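**Q** Below is the file protein-v6.txt, with compact mmCIF, C-alpha atoms.
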# COMPACT_ATOMS: atom_id res chain seq x y z
CA ILE A 1 -15.15 59.84 -12.56
CA THR A 2 -18.49 58.49 -11.29
CA GLY A 3 -19.84 57.02 -8.09
CA GLU A 4 -21.71 58.22 -5.01
CA MET A 5 -19.02 59.82 -2.86
CA ARG A 6 -19.63 61.34 0.58
CA HIS A 7 -16.14 60.94 2.01
CA VAL A 8 -13.73 60.73 -0.93
CA ASP A 9 -12.62 64.09 -2.31
CA ARG A 10 -12.84 64.24 -6.11
CA ARG A 11 -9.67 66.35 -6.14
CA ASP A 12 -7.76 63.51 -4.48
CA LEU A 13 -9.03 61.15 -7.16
CA GLU A 14 -8.00 63.50 -9.96
CA SER A 15 -4.50 64.00 -8.54
CA THR A 16 -4.15 60.22 -8.29
CA ILE A 17 -5.31 59.57 -11.86
CA VAL A 18 -3.61 62.40 -13.79
CA PRO A 19 0.01 61.08 -13.60
CA HIS A 20 -1.13 57.77 -15.09
CA VAL A 21 -2.90 59.23 -18.13
CA GLU A 22 -0.07 61.55 -19.20
CA SER A 23 1.46 58.70 -21.19
CA GLY A 24 -1.55 58.61 -23.51
CA PHE A 25 -4.77 56.71 -23.92
CA LEU A 26 -3.32 53.41 -25.14
CA LEU A 27 -0.36 53.30 -22.73
CA THR A 28 -2.33 54.13 -19.58
CA ASP A 29 -1.96 51.35 -17.00
CA LEU A 30 -5.52 50.75 -15.80
CA THR A 31 -4.43 48.32 -13.07
CA SER A 32 -2.09 50.89 -11.52
CA ILE A 33 -4.86 53.49 -11.50
CA ARG A 34 -7.22 51.08 -9.74
CA GLU A 35 -4.61 50.07 -7.14
CA ASP A 36 -3.70 53.68 -6.36
CA ILE A 37 -7.34 54.71 -6.01
CA GLU A 38 -8.13 51.75 -3.75
CA SER A 39 -5.26 52.80 -1.47
CA LEU A 40 -7.13 56.04 -0.64
CA GLN A 41 -9.09 56.27 2.60
CA TRP A 42 -12.80 55.47 2.34
CA VAL A 43 -12.43 53.80 -1.08
CA HIS A 44 -13.77 50.26 -1.11
CA GLY A 45 -13.24 49.55 -4.78
CA ALA A 46 -12.66 51.12 -8.20
CA ASN A 47 -13.58 50.02 -11.70
CA VAL A 48 -11.34 51.49 -14.41
CA ARG A 49 -11.87 51.02 -18.16
CA ARG A 50 -11.10 52.55 -21.54
CA GLU A 51 -13.89 54.02 -23.64
CA TRP A 52 -13.00 54.69 -27.26
CA PRO A 53 -11.81 56.87 -28.75
CA GLY A 54 -10.06 58.59 -25.85
CA THR A 55 -11.76 58.40 -22.45
CA ILE A 56 -10.73 56.66 -19.21
CA ARG A 57 -13.78 55.96 -17.06
CA VAL A 58 -13.38 55.44 -13.31
CA HIS A 59 -16.25 54.32 -11.08
CA VAL A 60 -15.58 54.53 -7.33
CA THR A 61 -17.39 52.62 -4.59
CA GLU A 62 -17.01 53.97 -1.07
CA GLN A 63 -16.70 52.02 2.14
CA GLN A 64 -19.93 51.41 4.05
CA PRO A 65 -19.19 51.27 7.79
CA ILE A 66 -21.38 49.05 9.95
CA ALA A 67 -19.33 49.44 13.15
CA ARG A 68 -16.35 51.28 14.57
CA TRP A 69 -13.13 49.41 15.28
CA GLY A 70 -11.63 50.97 18.40
CA ASP A 71 -10.93 54.68 18.16
CA ALA A 72 -9.21 54.84 14.79
CA ALA A 73 -10.95 52.62 12.23
CA TYR A 74 -14.20 51.09 10.99
CA ILE A 75 -15.59 47.72 9.93
CA ASN A 76 -17.21 47.67 6.50
CA HIS A 77 -20.27 45.74 5.27
CA HIS A 78 -18.03 42.82 4.25
CA GLY A 79 -16.56 42.51 7.75
CA PHE A 80 -13.16 44.01 6.91
CA ILE A 81 -11.38 46.69 8.91
CA PHE A 82 -10.45 49.94 7.18
CA GLU A 83 -8.91 53.18 8.37
CA GLY A 84 -10.92 56.36 8.20
CA GLU A 85 -11.38 59.62 10.00
CA LEU A 86 -13.86 59.26 12.84
CA MET A 87 -16.90 61.37 11.97
CA PRO A 88 -19.79 62.59 14.16
CA ARG A 89 -22.32 60.97 11.82
CA TYR A 90 -20.96 57.56 12.83
CA ALA A 91 -20.71 58.23 16.56
CA GLU A 92 -23.73 55.99 17.23
CA LEU A 93 -22.28 52.95 15.45
CA PRO A 94 -21.43 49.99 17.71
CA VAL A 95 -17.81 49.87 18.86
CA LEU A 96 -15.80 46.65 18.55
CA TRP A 97 -12.30 45.98 19.78
CA SER A 98 -10.09 42.92 20.25
CA ASP A 99 -6.70 42.58 21.92
CA GLN A 100 -6.32 39.25 20.12
CA HIS A 101 -4.57 38.67 16.80
CA GLN A 102 -7.74 37.37 15.11
CA PRO A 103 -10.27 40.24 14.99
CA PRO A 104 -12.35 38.51 12.25
CA MET A 105 -13.62 36.09 14.91
CA LEU A 106 -14.96 38.97 17.01
CA ILE A 107 -16.60 40.42 13.90
CA GLU A 108 -18.37 37.08 13.31
CA HIS A 109 -19.49 37.13 16.95
CA PHE A 110 -20.85 40.63 16.43
CA LYS A 111 -22.84 39.70 13.32
CA LEU A 112 -24.36 36.67 15.05
CA PHE A 113 -25.26 38.55 18.23
CA GLN A 114 -26.69 41.50 16.31
CA MET A 115 -28.86 39.15 14.25
CA VAL A 116 -30.43 37.42 17.25
CA LEU A 117 -31.03 40.72 19.07
CA MET A 118 -32.96 42.42 16.27
CA PRO A 119 -36.28 40.56 16.78
CA HIS A 120 -36.22 41.76 20.41
CA GLY A 121 -35.73 45.42 19.48
CA LEU A 122 -32.16 45.43 20.81
CA ALA A 123 -28.74 45.98 19.26
CA VAL A 124 -25.07 45.78 20.19
CA ALA A 125 -23.59 49.06 21.43
CA ALA A 126 -20.12 47.61 22.12
CA LEU A 127 -18.37 44.26 21.88
CA ASN A 128 -14.92 43.72 23.37
CA GLU A 129 -12.42 40.88 23.57
CA ASP A 130 -9.60 41.28 26.10
CA ARG A 131 -6.10 39.84 25.99
CA LEU A 132 -7.34 36.67 27.72
CA GLY A 133 -10.00 36.12 25.08
CA GLN A 134 -12.88 37.11 27.37
CA VAL A 135 -15.76 38.53 25.32
CA SER A 136 -18.12 41.11 26.82
CA ALA A 137 -20.91 43.21 25.33
CA GLU A 138 -23.00 46.26 26.08
CA LEU A 139 -26.46 46.55 24.55
CA THR A 140 -28.16 49.72 23.41
CA ASP A 141 -30.41 49.64 26.49
CA GLY A 142 -27.36 49.60 28.79
CA THR A 143 -27.45 45.89 29.66
CA GLU A 144 -23.97 44.37 30.15
CA VAL A 145 -23.31 40.78 29.08
CA GLN A 146 -20.26 38.66 29.94
CA PHE A 147 -19.72 35.70 27.59
CA GLY A 148 -16.31 34.49 28.71
CA ASP A 149 -13.68 32.94 26.47
CA LYS A 150 -15.45 29.90 24.98
CA ASP A 151 -18.77 28.51 23.68
CA PHE A 152 -19.89 31.90 22.38
CA VAL A 153 -22.65 30.52 20.14
CA GLN A 154 -24.06 28.34 22.91
CA ARG A 155 -24.04 31.24 25.35
CA VAL A 156 -25.81 33.48 22.85
CA ARG A 157 -28.54 30.83 22.63
CA ARG A 158 -28.85 30.87 26.42
CA PHE A 159 -29.11 34.65 26.29
CA VAL A 160 -31.97 34.44 23.79
CA ALA A 161 -33.72 31.85 25.95
CA LEU A 162 -33.38 34.19 28.94
CA LEU A 163 -34.80 37.10 26.93
CA GLU A 164 -37.77 35.03 25.83
CA SER A 165 -38.49 33.94 29.41
CA GLU A 166 -38.16 37.51 30.72
CA GLY A 167 -40.07 39.17 27.90
CA SER A 168 -37.38 41.91 27.65
CA ALA A 169 -33.98 42.89 29.02
CA ASN A 170 -35.26 46.12 30.57
CA SER A 171 -35.23 44.68 34.08
CA ILE A 172 -31.63 43.41 33.80
CA VAL A 173 -28.44 45.36 34.47
CA ARG A 174 -25.84 42.64 33.99
CA ILE A 175 -25.76 39.01 32.86
CA ASP A 176 -22.75 36.72 33.36
CA PHE A 177 -22.69 33.53 31.27
CA ARG A 178 -19.25 32.41 32.43
CA TYR A 179 -20.78 29.31 34.00
CA GLU A 180 -21.10 25.83 32.58
CA ARG A 181 -24.92 25.65 32.59
CA GLY A 182 -26.38 28.78 34.11
CA ALA A 183 -25.98 32.53 34.36
CA ALA A 184 -25.69 35.15 37.08
CA VAL A 185 -28.26 37.91 36.62
CA LEU A 186 -28.22 41.31 38.33
CA ARG A 187 -31.62 43.00 38.08
CA ARG A 188 -32.24 46.71 38.23
CA GLU A 189 -34.52 46.49 41.26
CA GLN A 190 -31.75 44.65 43.14
CA GLY A 191 -29.42 47.56 42.52
CA PHE A 192 -32.05 50.03 43.76
CA ALA A 193 -32.65 47.92 46.87
CA VAL A 194 -28.98 47.97 47.82
CA THR A 195 -28.85 51.74 47.38
CA THR A 196 -31.89 52.19 49.65
CA VAL A 197 -30.40 50.05 52.43
CA THR A 198 -27.13 51.95 52.25
CA GLN A 199 -28.90 55.27 52.61
CA GLU A 200 -30.93 54.07 55.59
CA GLN A 201 -27.84 52.76 57.37
CA GLY A 202 -25.97 55.94 56.69
CA GLY A 203 -28.77 57.97 58.30
CA ARG A 204 -28.81 56.01 61.56
Will you turn the file into structure tokens for me?
**A**
Amino acid sequence: ITGEMRHVDRRDLESTIVPHVESGFLLTDLTSIREDIESLQWVHGANVRREWPGTIRVHVTEQQPIARWGDAAYINHHGFIFEGELMPRYAELPVLWSDQHQPPMLIEHFKLFQMVLMPHGLAVAALNEDRLGQVSAELTDGTEVQFGDKDFVQRVRRFVALLESEGSANSIVRIDFRYERGAAVLRREQGFAVTTVTQEQGGR
């Protein structure tokens, strides 16, 4: 058994393989071994082959998570969802979730948005699609973005144009692109101004 394994227990692999090889070298069903191994958590793929005169070689490739899917799964580097124990080392991965029946679309949205954010030193912290198809995001700097339920690519382009005109997103708390041609922007200093007025009124 070979392969770089951080999550798959070698003992689980051995207990999966042993029943198959008891029938002998020539009668061992390599396809069944591969299928059983690939059914284990954190296994992305397995290559199984015979090596004469009497060795079965198994090479295991683990899943590589790029994001978390809700509270009970991950998304791998190919954009597929797989189940796996949530581990502290992956706590900082972005979190995606969709109430729709087509999560691959949200994953494509995530990959596109992440790609356009990178040159600006930003990344997606969370991306969510509700039961009405409304897509919203939170960036790693805390900025909230509402995209709505249509024209995602076009609204991402408008977001990039806004970033380029602003220089950064540091001054923005929330952006709402659920408008035909514009966006509603809440700036951080606006939030501070409202808080100041409230305090002054409360003291009078």
**Q** Could you tell me, as a ChimeraX atom specification, which residues have any atom at most 12 Å from (-22.8, 37.5, 36.6), counting all atoms listed in the file?
**A** /A:136,143-148,172-179,182-187
**Q** Using C-alpha atoms, can you write the selected residues to a file as a PDB file, in the frame of the given file?
**A**
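Output file selection-v9.pdb follows:
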ATOM      1  CA  SER A 136     -18.120  41.110  26.820  1.00  0.00           C
ATOM      2  CA  THR A 143     -27.450  45.890  29.660  1.00  0.00           C
ATOM      3  CA  GLU A 144     -23.970  44.370  30.150  1.00  0.00           C
ATOM      4  CA  VAL A 145     -23.310  40.780  29.080  1.00  0.00           C
ATOM      5  CA  GLN A 146     -20.260  38.660  29.940  1.00  0.00           C
ATOM      6  CA  PHE A 147     -19.720  35.700  27.590  1.00  0.00           C
ATOM      7  CA  GLY A 148     -16.310  34.490  28.710  1.00  0.00           C
ATOM      8  CA  ILE A 172     -31.630  43.410  33.800  1.00  0.00           C
ATOM      9  CA  VAL A 173     -28.440  45.360  34.470  1.00  0.00           C
ATOM     10  CA  ARG A 174     -25.840  42.640  33.990  1.00  0.00           C
ATOM     11  CA  ILE A 175     -25.760  39.010  32.860  1.00  0.00           C
ATOM     12  CA  ASP A 176     -22.750  36.720  33.360  1.00  0.00           C
ATOM     13  CA  PHE A 177     -22.690  33.530  31.270  1.00  0.00           C
ATOM     14  CA  ARG A 178     -19.250  32.410  32.430  1.00  0.00           C
ATOM     15  CA  TYR A 179     -20.780  29.310  34.000  1.00  0.00           C
ATOM     16  CA  GLY A 182     -26.380  28.780  34.110  1.00  0.00           C
ATOM     17  CA  ALA A 183     -25.980  32.530  34.360  1.00  0.00           C
ATOM     18  CA  ALA A 184     -25.690  35.150  37.080  1.00  0.00           C
ATOM     19  CA  VAL A 185     -28.260  37.910  36.620  1.00  0.00           C
ATOM     20  CA  LEU A 186     -28.220  41.310  38.330  1.00  0.00           C
ATOM     21  CA  ARG A 187     -31.620  43.000  38.080  1.00  0.00           C
TER      22      ARG A 187
END
**Q** Compare A:Ile107, A:Leu117, A:Val48, A:Ala123 by their minimum atom-to-atom distance to Val135 of chain A, counting only C-alpha atoms, and give me the closest one.
**A** A:Ile107
**Q** Taking into account only C-alpha atoms, which residue in the set A:Ile75, A:Leu112, A:Leu96, A:Met87 is nearest to Glu138 of chain A?
**A**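 Smallest separation from Glu138 of chain A among the options: A:Leu96.
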**Q** Which residue is closest to His77 of chain A? Choose from A:Lys111, A:Val60, A:Arg11, A:Ser165 and count all atoms listed in the file.
**A**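 Closest to His77 of chain A, using all atoms listed in the file: A:Lys111.
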**Q** Excluding segment 128-134 of chain A and any residue of its chain fewer than 3 positions from it, enumerate the residues within 10 Å of it, using only C-alpha atoms, and give them as number ranges by chain.
**A** A: 70, 95-101, 103, 105-106, 110, 137-138, 146-150, 178
**Q** Listed atoms of segment 138-152 of chain A, axis-aligned box, 6 Å per side: centre and edge lengths to one decimal in Å, as JSON?
**A**
{"center_x": -22.0, "center_y": 39.1, "center_z": 26.3, "size_x": 28.7, "size_y": 33.2, "size_z": 19.8}
**Q** For atom CA of His44 of chain A and atom CA of Leu86 of chain A, quote the distance in Å rounded to one decimal.
**A**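 Interatomic distance, atom CA of His44 of chain A to atom CA of Leu86 of chain A: 16.6 Å.
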**Q** Hey, can you check how far atom CA of Ala126 of chain A sits from atom CA of Pro94 of chain A?
**A**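 Computing the Euclidean distance for atom CA of Ala126 of chain A and atom CA of Pro94 of chain A yields 5.2 Å.
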**Q** What separation in Å, quoted to one decimal, exists between atom CA of Gly45 of chain A and atom CA of Val58 of chain A?
**A**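 Going from atom CA of Gly45 of chain A over to atom CA of Val58 of chain A, I get 10.4 Å.
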